[in-house]
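Enquirer: Below is the structure I would like to discuss, written out as structure tokens.
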Amino acid sequence: MTVAQQRRPAPAGTPPGEDLRRLRALHAIERKLLWLSAWMIHHANHIRPNRDGLKVGGHQASCASVISILTALYFEVLRPQDRVAVKPHAGPVFHAVNYLLGRQTREKLATLRQFGGIQPYPSRVKDGPEVDFSTGSVGLGVAMTTFGSLVQDYIRLHGLARPDVPAGRHVAVVGDAELDEGNIYEALLEGWKHDVRNLWWVVDYNRQSLDSVVPDRLFGRIEGLFRDMGWNVVTLKYGRRLQAAFARPGGEALRRWIDDCPNSLYAALTFQGGAAWRNALLADLGRSEGARAIIDPLTDEELAALMTNLGGHDIETLIEAFRAADAEGDQPTCFIAYTIKGMGLPFAGHKDNHAGLMTKEQMAEFKRSMNIRDGHEWDPFEGLDLPEAELRAFLASVPFARPLAPEGRALSAPAVPVPAALPTPKAPPGRRLSTQAAFGDILAEIGRGQGELAPLAARIVTTSPDVTVSTNLGPWVNRRGIFDRHTKNDVFRDAKLASAQRWGMSPEGQHVELGIAEQNLFLLLAAAGLSHSLYGARLLPIGTVYDPFVNRGLDALIYGCYQDARFLLVSTPSGLTLAPEGGQHQSVNTPLLGMAQDRLASFEPAHADELAILMRWAFEHMQRPDGSSVWLRLSTRPLVQPERRLDPAAVIAGAHWAVPPAPGARIAIAYQGAVAPEAAEAFAQLREEVPEAGLLAITSPDRLHAGWLAARRRARAGERDAAPSHIEALLAPLASDAALVTVLDGHPAAHAWLGAVRGQRVAPLGVDRFGQAGDIPDLYRAYGLDADAILDACAEALLGGV
């Protein structure tokens, strides 16, 4: 069966009022997208020089299954304000769409999966502003549309929307195997709780995953879940040719046969072709005169075309369903579009076709069937049977082709002014304060919204996965309220029951309360952190979470950073210092995560004055074009607050001398975070024997390390006059063979690299195994974080044992 026969529009059954000329153009575009996506992958694997011999890869079959869906959406249904997440394996189709719309160059199409070229999976950062949501990690891009819709509602209900940018719908084109991802259902439940609207998920139901065919019974369960969550579910199983066949005598028997056909058998028959279809059908329906009247007159090719005329490959069916849902309002809708993986390609339906590539011989035949001349493979209108002028006029009329705003699809928003300093909590002499409590105090003071803090307070939106109060967001929430699309009273306050928390909800609230699902936290932070680009209104999102459970949402955190979303993550409480909670709630690896994660500046201040400096810097840094998201790792351990004057630049750069060393000092102690008292105690005793020693306060090994690597790159580039990195300048007073004893409540590798800066010896102390329940003295002693362990390390270092 040829591609032209599989994709041929049915002459009968055109929806009433449809513009036939427009339908012809849509079918031509459909054909062109199939060719360009397949050729793009073929070119990358078989034509472009391959220097390392590795398979370049691609997903020709996964692209083919969504051709009609993306044609109907992008060239007929979508409006400029709509935001779309395209399933990752359809990346080449997405690039081809933009090529036909004039938003991608011919030269770039030939660079798929090449260094500096277009990405295998759509990427906001790497592929540019045409990508609304990156979708490389399956499932996350789908769920992201839910939180994008929630953020758009937030912006609109707070009166922050740009008047020239109308509210749009959020659309996810979903691979059916993506629905195996658990984060999908976490987002589905959260969306139901927040009554999310203006949301479409279009499921490419080709019933094949990476390794196999999807079990028949599974999708009935999934469909039920959508209905239970208040979604409208539209199943698009049959195209117009099959529907017309069903309407004939004997057609109902044919429908029952297809409905009862197992997914695996349907896929196998599709791959085998018309003769196999005929044998299977006649074996069961051969005695039905009506069924024989439908089947017998068709050639094998025509029979195969009829039996694969599914709803997800029928543009008229798709457009009719999309328009009907649009007319019904803003209820979230799931379209289950039956498709065939590899539709129109030689391996259509084969269970192993996920990463399959056409051979050179198969491509030659495919090219011939598409009427593509040698040397014209990239021509946008090559091989089509409509005049180029007609197709260009059609493309110019496509609603999605209209510009969204003067700056394009990536919108802009003015920066939110940040005061020169944030209020620093003051502790009376002898009073102790934790960084977590200080964070709550600072945010609560901002929440008053007085004076120069008012613009900042108005743009902050906070969120937390059911740990709002235990992460000290309570005072902020009491002042700014909880966001909900509908006003809901605080029942406890209405009943005059004593409670420290005001839990009333309204569209004016500025805290989004989430259930215990850390993936949702990071997806909401990502959506809110892209609000300036997606919706033209700048938000400053803050999310709090228990530090060990950053790991539970790590995939979504990385996903948010990969999109260059801007948010402030506050993970607290952290480490062994959360002593009574036990090992399950005590984090070890998070300082290393903060160092390793791109587009995320990580800090762990020990005192409130450092925290106030870093929070102020974070609000500015999040808004800078060359900025990033920021992570603050905080503690519940209350510490005495020192009276001092800090250099903000040093705190932000990653470290400052609490006690500077004398020139040529042989040793220094460096601490990070909540272990400051133990470091100070050990340092006081060390100074009795080594008075020239220094005490270094590390606020960010991440920033220190990044600055040092940048300085090394400048040196390698020949910039001889470049200034040394901050850590090089800090360590310069020490002797070249001096020892550094470092300590943090986290993995010691976060500091171990300091020895490479100037070749000085390092004795890194920290936690490299699971914690356990206890109190701080017992745990610090057992894990080598107490003053005695620090002094022992100093003694060993001075004796040359490091």
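Residues in the structure tokens are numbered from 1 in each chain, the chains being A, B, ... in the order shown, and ligands are numbered from 1 in the order shown.
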Which residues, written as a list in words, have at least one atom at most 6 Å from A:Asp466, with only C-alpha atoms counted and residues fewer than 4 positions away on the same chain left out?
Expert: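 Skipping anything fewer than 4 positions along the chain leaves Leu514, Gly515 and Ile516 of chain A.
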Enquirer: Output N, CA and C atoms for every residue in that selection, as a compact mmCIF listing (two decimals), in the first residue's frame.
Expert:
```
# COMPACT_ATOMS: atom_id res chain seq x y z
N LEU A 514 -0.41 22.78 47.55
CA LEU A 514 -0.36 21.54 46.79
C LEU A 514 -0.44 20.35 47.72
N GLY A 515 -0.83 19.22 47.16
CA GLY A 515 -0.76 17.97 47.90
C GLY A 515 0.68 17.47 47.98
N ILE A 516 0.86 16.34 48.64
CA ILE A 516 2.22 15.82 48.88
C ILE A 516 2.72 15.14 47.60
```
Enquirer: Which neighbours of A:His313 fall inside 12 Å, counting only C-alpha atoms, when residues of the same chain fewer than 4 positions from it are skipped, and could you give them as a PDB file with N, CA and C atoms, in the first residue's frame?
Expert:
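After the write, result28.pdb holds the following:
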```
ATOM      1  N   GLN A   6      -2.747   5.454   1.483  1.00  0.00           N
ATOM      2  CA  GLN A   6      -3.068   5.496   2.912  1.00  0.00           C
ATOM      3  C   GLN A   6      -3.587   6.860   3.329  1.00  0.00           C
ATOM      4  N   ARG A   7      -3.045   7.919   2.767  1.00  0.00           N
ATOM      5  CA  ARG A   7      -3.346   9.267   3.211  1.00  0.00           C
ATOM      6  C   ARG A   7      -4.376   9.979   2.326  1.00  0.00           C
ATOM      7  N   ARG A   8      -4.916   9.293   1.334  1.00  0.00           N
ATOM      8  CA  ARG A   8      -5.819   9.914   0.384  1.00  0.00           C
ATOM      9  C   ARG A   8      -7.089  10.393   1.083  1.00  0.00           C
ATOM     10  N   PRO A   9      -7.506  11.660   0.886  1.00  0.00           N
ATOM     11  CA  PRO A   9      -8.757  12.124   1.509  1.00  0.00           C
ATOM     12  C   PRO A   9      -9.959  11.455   0.876  1.00  0.00           C
ATOM     13  N   ALA A  10     -10.918  11.177   1.701  1.00  0.00           N
ATOM     14  CA  ALA A  10     -12.145  10.572   1.174  1.00  0.00           C
ATOM     15  C   ALA A  10     -12.963  11.625   0.442  1.00  0.00           C
ATOM     16  N   HIS A  27      -4.560  18.352   3.594  1.00  0.00           N
ATOM     17  CA  HIS A  27      -4.057  17.023   3.226  1.00  0.00           C
ATOM     18  C   HIS A  27      -2.694  17.127   2.553  1.00  0.00           C
ATOM     19  N   GLU A  30      -0.292  17.676   5.395  1.00  0.00           N
ATOM     20  CA  GLU A  30      -0.148  16.398   6.092  1.00  0.00           C
ATOM     21  C   GLU A  30       0.888  15.519   5.381  1.00  0.00           C
ATOM     22  N   ARG A  31       0.759  15.433   4.083  1.00  0.00           N
ATOM     23  CA  ARG A  31       1.685  14.628   3.285  1.00  0.00           C
ATOM     24  C   ARG A  31       3.104  15.174   3.387  1.00  0.00           C
ATOM     25  N   LEU A  34       4.789  14.421   6.774  1.00  0.00           N
ATOM     26  CA  LEU A  34       5.257  13.031   6.838  1.00  0.00           C
ATOM     27  C   LEU A  34       6.589  12.894   6.112  1.00  0.00           C
ATOM     28  N   ALA A  64       5.294   9.577  12.521  1.00  0.00           N
ATOM     29  CA  ALA A  64       4.234   9.303  11.559  1.00  0.00           C
ATOM     30  C   ALA A  64       2.866   9.196  12.222  1.00  0.00           C
ATOM     31  N   SER A  65       2.827   8.706  13.448  1.00  0.00           N
ATOM     32  CA  SER A  65       1.521   8.487  14.077  1.00  0.00           C
ATOM     33  C   SER A  65       0.811   9.790  14.426  1.00  0.00           C
ATOM     34  N   VAL A  66       1.530  10.901  14.553  1.00  0.00           N
ATOM     35  CA  VAL A  66       0.879  12.161  14.950  1.00  0.00           C
ATOM     36  C   VAL A  66       0.789  13.177  13.821  1.00  0.00           C
ATOM     37  N   ILE A  67       1.122  12.788  12.617  1.00  0.00           N
ATOM     38  CA  ILE A  67       1.127  13.734  11.502  1.00  0.00           C
ATOM     39  C   ILE A  67      -0.232  14.422  11.352  1.00  0.00           C
ATOM     40  N   SER A  68      -1.291  13.642  11.307  1.00  0.00           N
ATOM     41  CA  SER A  68      -2.625  14.229  11.098  1.00  0.00           C
ATOM     42  C   SER A  68      -3.034  15.093  12.286  1.00  0.00           C
ATOM     43  N   ILE A  69      -2.703  14.651  13.495  1.00  0.00           N
ATOM     44  CA  ILE A  69      -3.056  15.410  14.698  1.00  0.00           C
ATOM     45  C   ILE A  69      -2.394  16.781  14.672  1.00  0.00           C
ATOM     46  N   LEU A  70      -1.096  16.812  14.382  1.00  0.00           N
ATOM     47  CA  LEU A  70      -0.387  18.095  14.383  1.00  0.00           C
ATOM     48  C   LEU A  70      -0.810  18.952  13.196  1.00  0.00           C
ATOM     49  N   THR A  71      -1.164  18.328  12.095  1.00  0.00           N
ATOM     50  CA  THR A  71      -1.671  19.103  10.958  1.00  0.00           C
ATOM     51  C   THR A  71      -2.963  19.812  11.335  1.00  0.00           C
ATOM     52  N   ALA A  72      -3.897  19.067  11.919  1.00  0.00           N
ATOM     53  CA  ALA A  72      -5.182  19.652  12.295  1.00  0.00           C
ATOM     54  C   ALA A  72      -5.010  20.748  13.337  1.00  0.00           C
ATOM     55  N   ASP A 204      -2.037  10.354  21.469  1.00  0.00           N
ATOM     56  CA  ASP A 204      -1.682   9.595  20.278  1.00  0.00           C
ATOM     57  C   ASP A 204      -1.758   8.115  20.658  1.00  0.00           C
ATOM     58  N   TYR A 205      -2.945   7.552  20.513  1.00  0.00           N
ATOM     59  CA  TYR A 205      -3.187   6.200  21.007  1.00  0.00           C
ATOM     60  C   TYR A 205      -2.827   5.182  19.928  1.00  0.00           C
ATOM     61  N   ASN A 206      -1.508   5.013  19.735  1.00  0.00           N
ATOM     62  CA  ASN A 206      -1.050   4.029  18.756  1.00  0.00           C
ATOM     63  C   ASN A 206      -0.827   2.653  19.374  1.00  0.00           C
ATOM     64  N   LEU A 236     -11.726   9.209  19.519  1.00  0.00           N
ATOM     65  CA  LEU A 236     -11.717   9.309  18.056  1.00  0.00           C
ATOM     66  C   LEU A 236     -11.128   8.010  17.520  1.00  0.00           C
ATOM     67  N   LYS A 237     -12.002   7.030  17.365  1.00  0.00           N
ATOM     68  CA  LYS A 237     -11.498   5.707  16.979  1.00  0.00           C
ATOM     69  C   LYS A 237     -11.544   5.485  15.474  1.00  0.00           C
ATOM     70  N   TYR A 238     -12.593   5.969  14.818  1.00  0.00           N
ATOM     71  CA  TYR A 238     -12.775   5.648  13.403  1.00  0.00           C
ATOM     72  C   TYR A 238     -12.811   6.894  12.542  1.00  0.00           C
ATOM     73  N   GLY A 239     -12.185   6.776  11.377  1.00  0.00           N
ATOM     74  CA  GLY A 239     -12.253   7.842  10.395  1.00  0.00           C
ATOM     75  C   GLY A 239     -13.520   7.749   9.565  1.00  0.00           C
ATOM     76  N   ARG A 240     -13.653   8.656   8.608  1.00  0.00           N
ATOM     77  CA  ARG A 240     -14.906   8.763   7.875  1.00  0.00           C
ATOM     78  C   ARG A 240     -15.153   7.590   6.930  1.00  0.00           C
ATOM     79  N   ARG A 241     -14.090   7.022   6.389  1.00  0.00           N
ATOM     80  CA  ARG A 241     -14.303   5.873   5.504  1.00  0.00           C
ATOM     81  C   ARG A 241     -14.839   4.670   6.276  1.00  0.00           C
ATOM     82  N   LEU A 242     -14.270   4.424   7.446  1.00  0.00           N
ATOM     83  CA  LEU A 242     -14.779   3.315   8.252  1.00  0.00           C
ATOM     84  C   LEU A 242     -16.187   3.601   8.746  1.00  0.00           C
ATOM     85  N   ALA A 305      -6.215   0.202   3.368  1.00  0.00           N
ATOM     86  CA  ALA A 305      -6.478   1.624   3.612  1.00  0.00           C
ATOM     87  C   ALA A 305      -7.746   1.809   4.433  1.00  0.00           C
ATOM     88  N   LEU A 306      -8.781   0.995   4.134  1.00  0.00           N
ATOM     89  CA  LEU A 306     -10.016   1.094   4.903  1.00  0.00           C
ATOM     90  C   LEU A 306      -9.796   0.674   6.350  1.00  0.00           C
ATOM     91  N   MET A 307      -9.110  -0.443   6.574  1.00  0.00           N
ATOM     92  CA  MET A 307      -8.960  -0.992   7.920  1.00  0.00           C
ATOM     93  C   MET A 307      -8.030  -0.151   8.797  1.00  0.00           C
ATOM     94  N   THR A 308      -7.267   0.722   8.197  1.00  0.00           N
ATOM     95  CA  THR A 308      -6.389   1.603   8.989  1.00  0.00           C
ATOM     96  C   THR A 308      -6.870   3.043   8.979  1.00  0.00           C
ATOM     97  N   ASN A 309      -8.132   3.237   8.584  1.00  0.00           N
ATOM     98  CA  ASN A 309      -8.703   4.585   8.565  1.00  0.00           C
ATOM     99  C   ASN A 309      -9.209   4.936   9.968  1.00  0.00           C
ATOM    100  N   THR A 317     -12.215  14.312  10.810  1.00  0.00           N
ATOM    101  CA  THR A 317     -12.702  13.846  12.114  1.00  0.00           C
ATOM    102  C   THR A 317     -12.051  14.618  13.244  1.00  0.00           C
ATOM    103  N   LEU A 318     -10.749  14.820  13.142  1.00  0.00           N
ATOM    104  CA  LEU A 318     -10.022  15.544  14.178  1.00  0.00           C
ATOM    105  C   LEU A 318     -10.517  16.975  14.308  1.00  0.00           C
ATOM    106  N   ILE A 319     -10.629  17.674  13.183  1.00  0.00           N
ATOM    107  CA  ILE A 319     -11.048  19.077  13.229  1.00  0.00           C
ATOM    108  C   ILE A 319     -12.457  19.202  13.787  1.00  0.00           C
ATOM    109  N   ALA A 337      -7.109   9.692  20.471  1.00  0.00           N
ATOM    110  CA  ALA A 337      -7.074   9.580  19.012  1.00  0.00           C
ATOM    111  C   ALA A 337      -6.381   8.279  18.626  1.00  0.00           C
ATOM    112  N   TYR A 338      -7.154   7.329  18.130  1.00  0.00           N
ATOM    113  CA  TYR A 338      -6.576   6.057  17.694  1.00  0.00           C
ATOM    114  C   TYR A 338      -5.697   6.299  16.474  1.00  0.00           C
ATOM    115  N   THR A 339      -4.487   5.777  16.541  1.00  0.00           N
ATOM    116  CA  THR A 339      -3.526   5.944  15.448  1.00  0.00           C
ATOM    117  C   THR A 339      -2.756   4.649  15.240  1.00  0.00           C
ATOM    118  N   ILE A 340      -1.920   4.665  14.232  1.00  0.00           N
ATOM    119  CA  ILE A 340      -1.035   3.540  13.942  1.00  0.00           C
ATOM    120  C   ILE A 340       0.390   4.058  13.973  1.00  0.00           C
ATOM    121  N   LYS A 341       1.214   3.413  14.753  1.00  0.00           N
ATOM    122  CA  LYS A 341       2.607   3.832  14.830  1.00  0.00           C
ATOM    123  C   LYS A 341       3.306   3.484  13.513  1.00  0.00           C
ATOM    124  N   GLY A 342       3.867   4.521  12.900  1.00  0.00           N
ATOM    125  CA  GLY A 342       4.518   4.314  11.605  1.00  0.00           C
ATOM    126  C   GLY A 342       3.576   4.439  10.434  1.00  0.00           C
ATOM    127  N   MET A 343       2.404   5.037  10.631  1.00  0.00           N
ATOM    128  CA  MET A 343       1.411   5.145   9.550  1.00  0.00           C
ATOM    129  C   MET A 343       2.029   5.761   8.296  1.00  0.00           C
ATOM    130  N   GLY A 344       1.905   5.052   7.191  1.00  0.00           N
ATOM    131  CA  GLY A 344       2.443   5.543   5.935  1.00  0.00           C
ATOM    132  C   GLY A 344       3.870   5.138   5.661  1.00  0.00           C
TER     133      GLY A 344
END
```
Enquirer: Considering only C-alpha atoms, return as an NGL selection string whatever protein or nucleic-acid residues lie within 8 Å of A:Gly759, sequence-local ones (same chain, fewer than 2 positions apart) excluded.
Expert: :A and (736-737 or 755-757 or 761)
Enquirer: Using only C-alpha atoms, determine which residues lie at most 12 Å from A:Thr463, disregarding the query and same-chain residues fewer than 6 positions distant; provide the list as a ChimeraX atom specification.
Expert: /A:151,469,471-474,476-477,481-483,509-518,520-526,528,540-545,567-570
Enquirer: Those selected residues, please, written with N, CA and C atoms and delivered as a short mmCIF file (atom, residue, chain, number, x, y, z; two decimals), in the first residue's frame.
Expert:
```
data_model
loop_
_atom_site.label_atom_id
_atom_site.label_comp_id
_atom_site.auth_asym_id
_atom_site.auth_seq_id
_atom_site.Cartn_x
_atom_site.Cartn_y
_atom_site.Cartn_z
N VAL A 151 -1.28 28.74 36.21
CA VAL A 151 -0.56 30.01 36.31
C VAL A 151 -1.24 31.08 35.47
N VAL A 469 3.11 25.22 56.61
CA VAL A 469 3.35 25.69 57.98
C VAL A 469 4.70 25.23 58.49
N THR A 471 7.38 24.71 57.00
CA THR A 471 8.53 25.37 56.37
C THR A 471 8.47 26.88 56.57
N ASN A 472 7.67 27.31 57.54
CA ASN A 472 7.58 28.71 57.97
C ASN A 472 6.99 29.67 56.94
N LEU A 473 6.09 29.15 56.11
CA LEU A 473 5.36 30.02 55.20
C LEU A 473 4.07 30.56 55.82
N GLY A 474 3.73 30.06 57.01
CA GLY A 474 2.46 30.43 57.63
C GLY A 474 2.23 31.93 57.73
N TRP A 476 3.42 34.43 55.99
CA TRP A 476 3.18 34.98 54.66
C TRP A 476 1.76 34.66 54.20
N VAL A 477 1.34 33.41 54.38
CA VAL A 477 0.00 33.02 53.95
C VAL A 477 -1.07 33.79 54.72
N GLY A 481 -2.86 35.30 51.82
CA GLY A 481 -3.98 34.43 51.47
C GLY A 481 -3.61 33.30 50.52
N ILE A 482 -4.53 32.36 50.40
CA ILE A 482 -4.36 31.19 49.55
C ILE A 482 -5.13 31.40 48.25
N PHE A 483 -4.49 31.05 47.14
CA PHE A 483 -5.12 31.24 45.83
C PHE A 483 -6.06 30.09 45.52
N GLY A 509 -5.61 35.37 46.51
CA GLY A 509 -4.54 34.78 47.32
C GLY A 509 -3.25 34.62 46.56
N GLN A 510 -2.14 34.54 47.29
CA GLN A 510 -0.82 34.46 46.65
C GLN A 510 -0.03 33.23 47.07
N HIS A 511 -0.71 32.25 47.65
CA HIS A 511 -0.07 30.97 47.96
C HIS A 511 -0.88 29.86 47.32
N VAL A 512 -0.21 28.97 46.59
CA VAL A 512 -0.88 27.84 45.96
C VAL A 512 -0.53 26.60 46.77
N GLU A 513 -1.52 26.09 47.46
CA GLU A 513 -1.30 24.91 48.28
C GLU A 513 -1.41 23.65 47.43
N LEU A 514 -0.41 22.78 47.55
CA LEU A 514 -0.36 21.54 46.79
C LEU A 514 -0.44 20.35 47.72
N GLY A 515 -0.83 19.22 47.16
CA GLY A 515 -0.76 17.97 47.90
C GLY A 515 0.68 17.47 47.98
N ILE A 516 0.86 16.34 48.64
CA ILE A 516 2.22 15.82 48.88
C ILE A 516 2.72 15.14 47.60
N ALA A 517 3.15 15.94 46.66
CA ALA A 517 3.67 15.42 45.39
C ALA A 517 4.73 16.41 44.90
N GLU A 518 5.99 16.08 45.15
CA GLU A 518 7.07 17.02 44.85
C GLU A 518 7.23 17.28 43.36
N ASN A 520 4.82 17.79 41.35
CA ASN A 520 3.90 18.90 41.10
C ASN A 520 4.49 20.22 41.56
N LEU A 521 5.18 20.20 42.68
CA LEU A 521 5.82 21.42 43.18
C LEU A 521 6.74 22.01 42.12
N PHE A 522 7.62 21.18 41.58
CA PHE A 522 8.61 21.71 40.64
C PHE A 522 8.00 22.05 39.29
N LEU A 523 6.95 21.34 38.89
CA LEU A 523 6.28 21.70 37.64
C LEU A 523 5.54 23.02 37.78
N LEU A 524 4.93 23.26 38.94
CA LEU A 524 4.28 24.55 39.16
C LEU A 524 5.32 25.66 39.22
N LEU A 525 6.44 25.42 39.90
CA LEU A 525 7.50 26.43 39.93
C LEU A 525 8.02 26.72 38.52
N ALA A 526 8.14 25.67 37.71
CA ALA A 526 8.61 25.87 36.33
C ALA A 526 7.63 26.71 35.53
N ALA A 528 5.27 28.81 36.70
CA ALA A 528 5.25 30.19 37.21
C ALA A 528 6.55 30.91 36.88
N LEU A 540 7.36 36.04 40.71
CA LEU A 540 8.56 35.61 41.43
C LEU A 540 8.15 34.44 42.32
N PRO A 541 8.20 33.23 41.78
CA PRO A 541 7.71 32.07 42.53
C PRO A 541 8.70 31.57 43.57
N ILE A 542 8.19 31.18 44.72
CA ILE A 542 8.98 30.60 45.80
C ILE A 542 8.32 29.28 46.18
N GLY A 543 9.09 28.21 46.21
CA GLY A 543 8.58 26.91 46.62
C GLY A 543 9.37 26.37 47.78
N THR A 544 8.67 25.85 48.78
CA THR A 544 9.35 25.25 49.93
C THR A 544 9.07 23.76 49.96
N VAL A 545 10.06 23.00 50.43
CA VAL A 545 9.95 21.55 50.50
C VAL A 545 10.98 21.04 51.50
N PHE A 567 12.84 30.55 39.51
CA PHE A 567 12.12 30.41 40.76
C PHE A 567 13.12 30.34 41.91
N LEU A 568 12.61 30.50 43.11
CA LEU A 568 13.40 30.38 44.33
C LEU A 568 12.95 29.13 45.05
N LEU A 569 13.83 28.15 45.16
CA LEU A 569 13.56 26.92 45.89
C LEU A 569 14.15 27.03 47.29
N VAL A 570 13.33 26.81 48.29
CA VAL A 570 13.77 26.82 49.68
C VAL A 570 13.55 25.42 50.24
#
```
Enquirer: With only C-alpha atoms as the counted atoms, please give the residues lying no more than 10 Å from stretch 244-258 of chain A, apart from itself and same-chain residues fewer than 2 positions off, as a PyMOL selection string.
Expert: chain A and resi 12-13+238-242+260-263+266+281+284-285+288-295+306-307
Enquirer: Write out as a PyMOL selection string which residues come within 10 Å of A:Leu614 when counting only C-alpha atoms, dropping same-chain ones fewer than 3 positions away.
Expert: chain A and resi 422+603-605+608-611+617-621+630-632+648-649+651-652+699
Enquirer: May I have the selected residues written with N, CA and C atoms, as a compact mmCIF listing (two decimals), in the first residue's frame?
Expert:
```txt
# COMPACT_ATOMS: atom_id res chain seq x y z
N LEU A 422 16.74 43.84 52.09
CA LEU A 422 15.54 43.26 52.68
C LEU A 422 15.65 43.35 54.20
N PHE A 603 22.78 27.79 47.57
CA PHE A 603 23.39 28.41 48.76
C PHE A 603 22.95 27.68 50.02
N GLU A 604 23.79 27.77 51.05
CA GLU A 604 23.43 27.30 52.39
C GLU A 604 23.98 28.27 53.42
N PRO A 605 23.24 29.33 53.71
CA PRO A 605 23.70 30.29 54.71
C PRO A 605 23.56 29.72 56.12
N ALA A 608 21.06 34.64 59.71
CA ALA A 608 19.99 35.43 59.12
C ALA A 608 20.50 36.57 58.26
N ASP A 609 21.63 37.18 58.65
CA ASP A 609 22.13 38.31 57.86
C ASP A 609 22.59 37.84 56.48
N GLU A 610 23.21 36.66 56.42
CA GLU A 610 23.57 36.10 55.11
C GLU A 610 22.31 35.79 54.29
N LEU A 611 21.32 35.22 54.95
CA LEU A 611 20.09 34.86 54.26
C LEU A 611 19.40 36.07 53.66
N TRP A 617 19.32 39.19 46.65
CA TRP A 617 20.03 38.91 45.40
C TRP A 617 19.23 37.94 44.53
N ALA A 618 18.60 36.95 45.14
CA ALA A 618 17.85 35.96 44.37
C ALA A 618 16.72 36.61 43.59
N PHE A 619 15.99 37.52 44.22
CA PHE A 619 14.88 38.18 43.52
C PHE A 619 15.37 38.96 42.31
N GLU A 620 16.53 39.52 42.38
CA GLU A 620 17.09 40.22 41.20
C GLU A 620 17.64 39.23 40.19
N HIS A 621 18.39 38.25 40.69
CA HIS A 621 19.05 37.29 39.80
C HIS A 621 18.04 36.50 38.97
N VAL A 630 17.30 29.91 41.90
CA VAL A 630 18.14 29.95 43.09
C VAL A 630 17.60 28.93 44.09
N TRP A 631 18.53 28.25 44.78
CA TRP A 631 18.18 27.24 45.78
C TRP A 631 18.82 27.63 47.12
N LEU A 632 17.98 27.72 48.15
CA LEU A 632 18.46 27.99 49.51
C LEU A 632 18.21 26.74 50.36
N PRO A 648 28.24 42.06 51.09
CA PRO A 648 27.26 41.27 50.33
C PRO A 648 27.86 40.56 49.13
N ALA A 649 28.82 41.19 48.47
CA ALA A 649 29.42 40.57 47.28
C ALA A 649 30.11 39.26 47.64
N VAL A 651 29.39 37.28 50.27
CA VAL A 651 28.36 36.30 50.63
C VAL A 651 27.76 35.68 49.37
N ILE A 652 27.47 36.52 48.38
CA ILE A 652 26.87 36.05 47.13
C ILE A 652 27.86 35.22 46.33
N THR A 699 29.12 30.03 52.07
CA THR A 699 27.68 30.14 51.83
C THR A 699 27.24 29.39 50.58
```
Enquirer: Write out as a PyMOL selection string which residues come within 6 Å of stretch 531-538 of chain A when counting only C-alpha atoms, dropping same-chain ones fewer than 4 positions away.
Expert: chain A and resi 410-413
Enquirer: Atom CA of A:Leu695 to atom CA of A:Tyr780: how many Å, to one decimal?
Expert: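 One can read the atom CA of A:Leu695 to atom CA of A:Tyr780 distance as 19.5 Å.
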Enquirer: DSSP on the backbone, then: every residue of stretch 517-670 of chain A marked alpha helix (DSSP H), written as an MDAnalysis selection string.
Expert: chainID A and resid 518:528 531:535 554:562 590:596 608:621 648:653
Enquirer: In terms of the shortest atom-to-atom distance over only C-alpha atoms, which of A:Ala355, A:Ala187, A:Leu578, A:Val675 is closest to A:Gly774?
Expert: A:Leu578
Enquirer: What is the distance, in Å and to one decimal place, between atom CA of A:Ala556 and atom CA of A:Leu140?
Expert: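 Here the two named atoms are 6.9 Å from each other.
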Enquirer: From a backbone DSSP assignment, name each residue in stretch 15-149 of chain A labelled strand (DSSP E), as a PyMOL selection string.
Expert: chain A and resi 83-86
Enquirer: Do you have the atom CA of A:Asp626-atom CA of A:Leu592 distance handy?
Expert: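 Taking atom CA of A:Asp626 and atom CA of A:Leu592, their separation equals 22.7 Å.
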Enquirer: Which one of A:Ala706, A:Ala364, A:Leu696, A:Ala680 sits closest to A:Ile790 if you count only C-alpha atoms?
Expert: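 The closest residue to A:Ile790 is A:Ala680.
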Enquirer: Here is a test: counting only C-alpha atoms, which residue of A:Pro748, A:Pro724, A:Pro660, A:Gly504 is nearest to A:Gln672?
Expert: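 Of all the options, A:Pro748 lies closest to A:Gln672.
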Enquirer: Would you mind telling me which residue in A:Ala711, A:Val138, A:Ala393, A:Ala321 lies nearest to A:Ala25 when using only C-alpha atoms?
Expert: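 For A:Ala25, the nearest of the candidates is A:Ala393.
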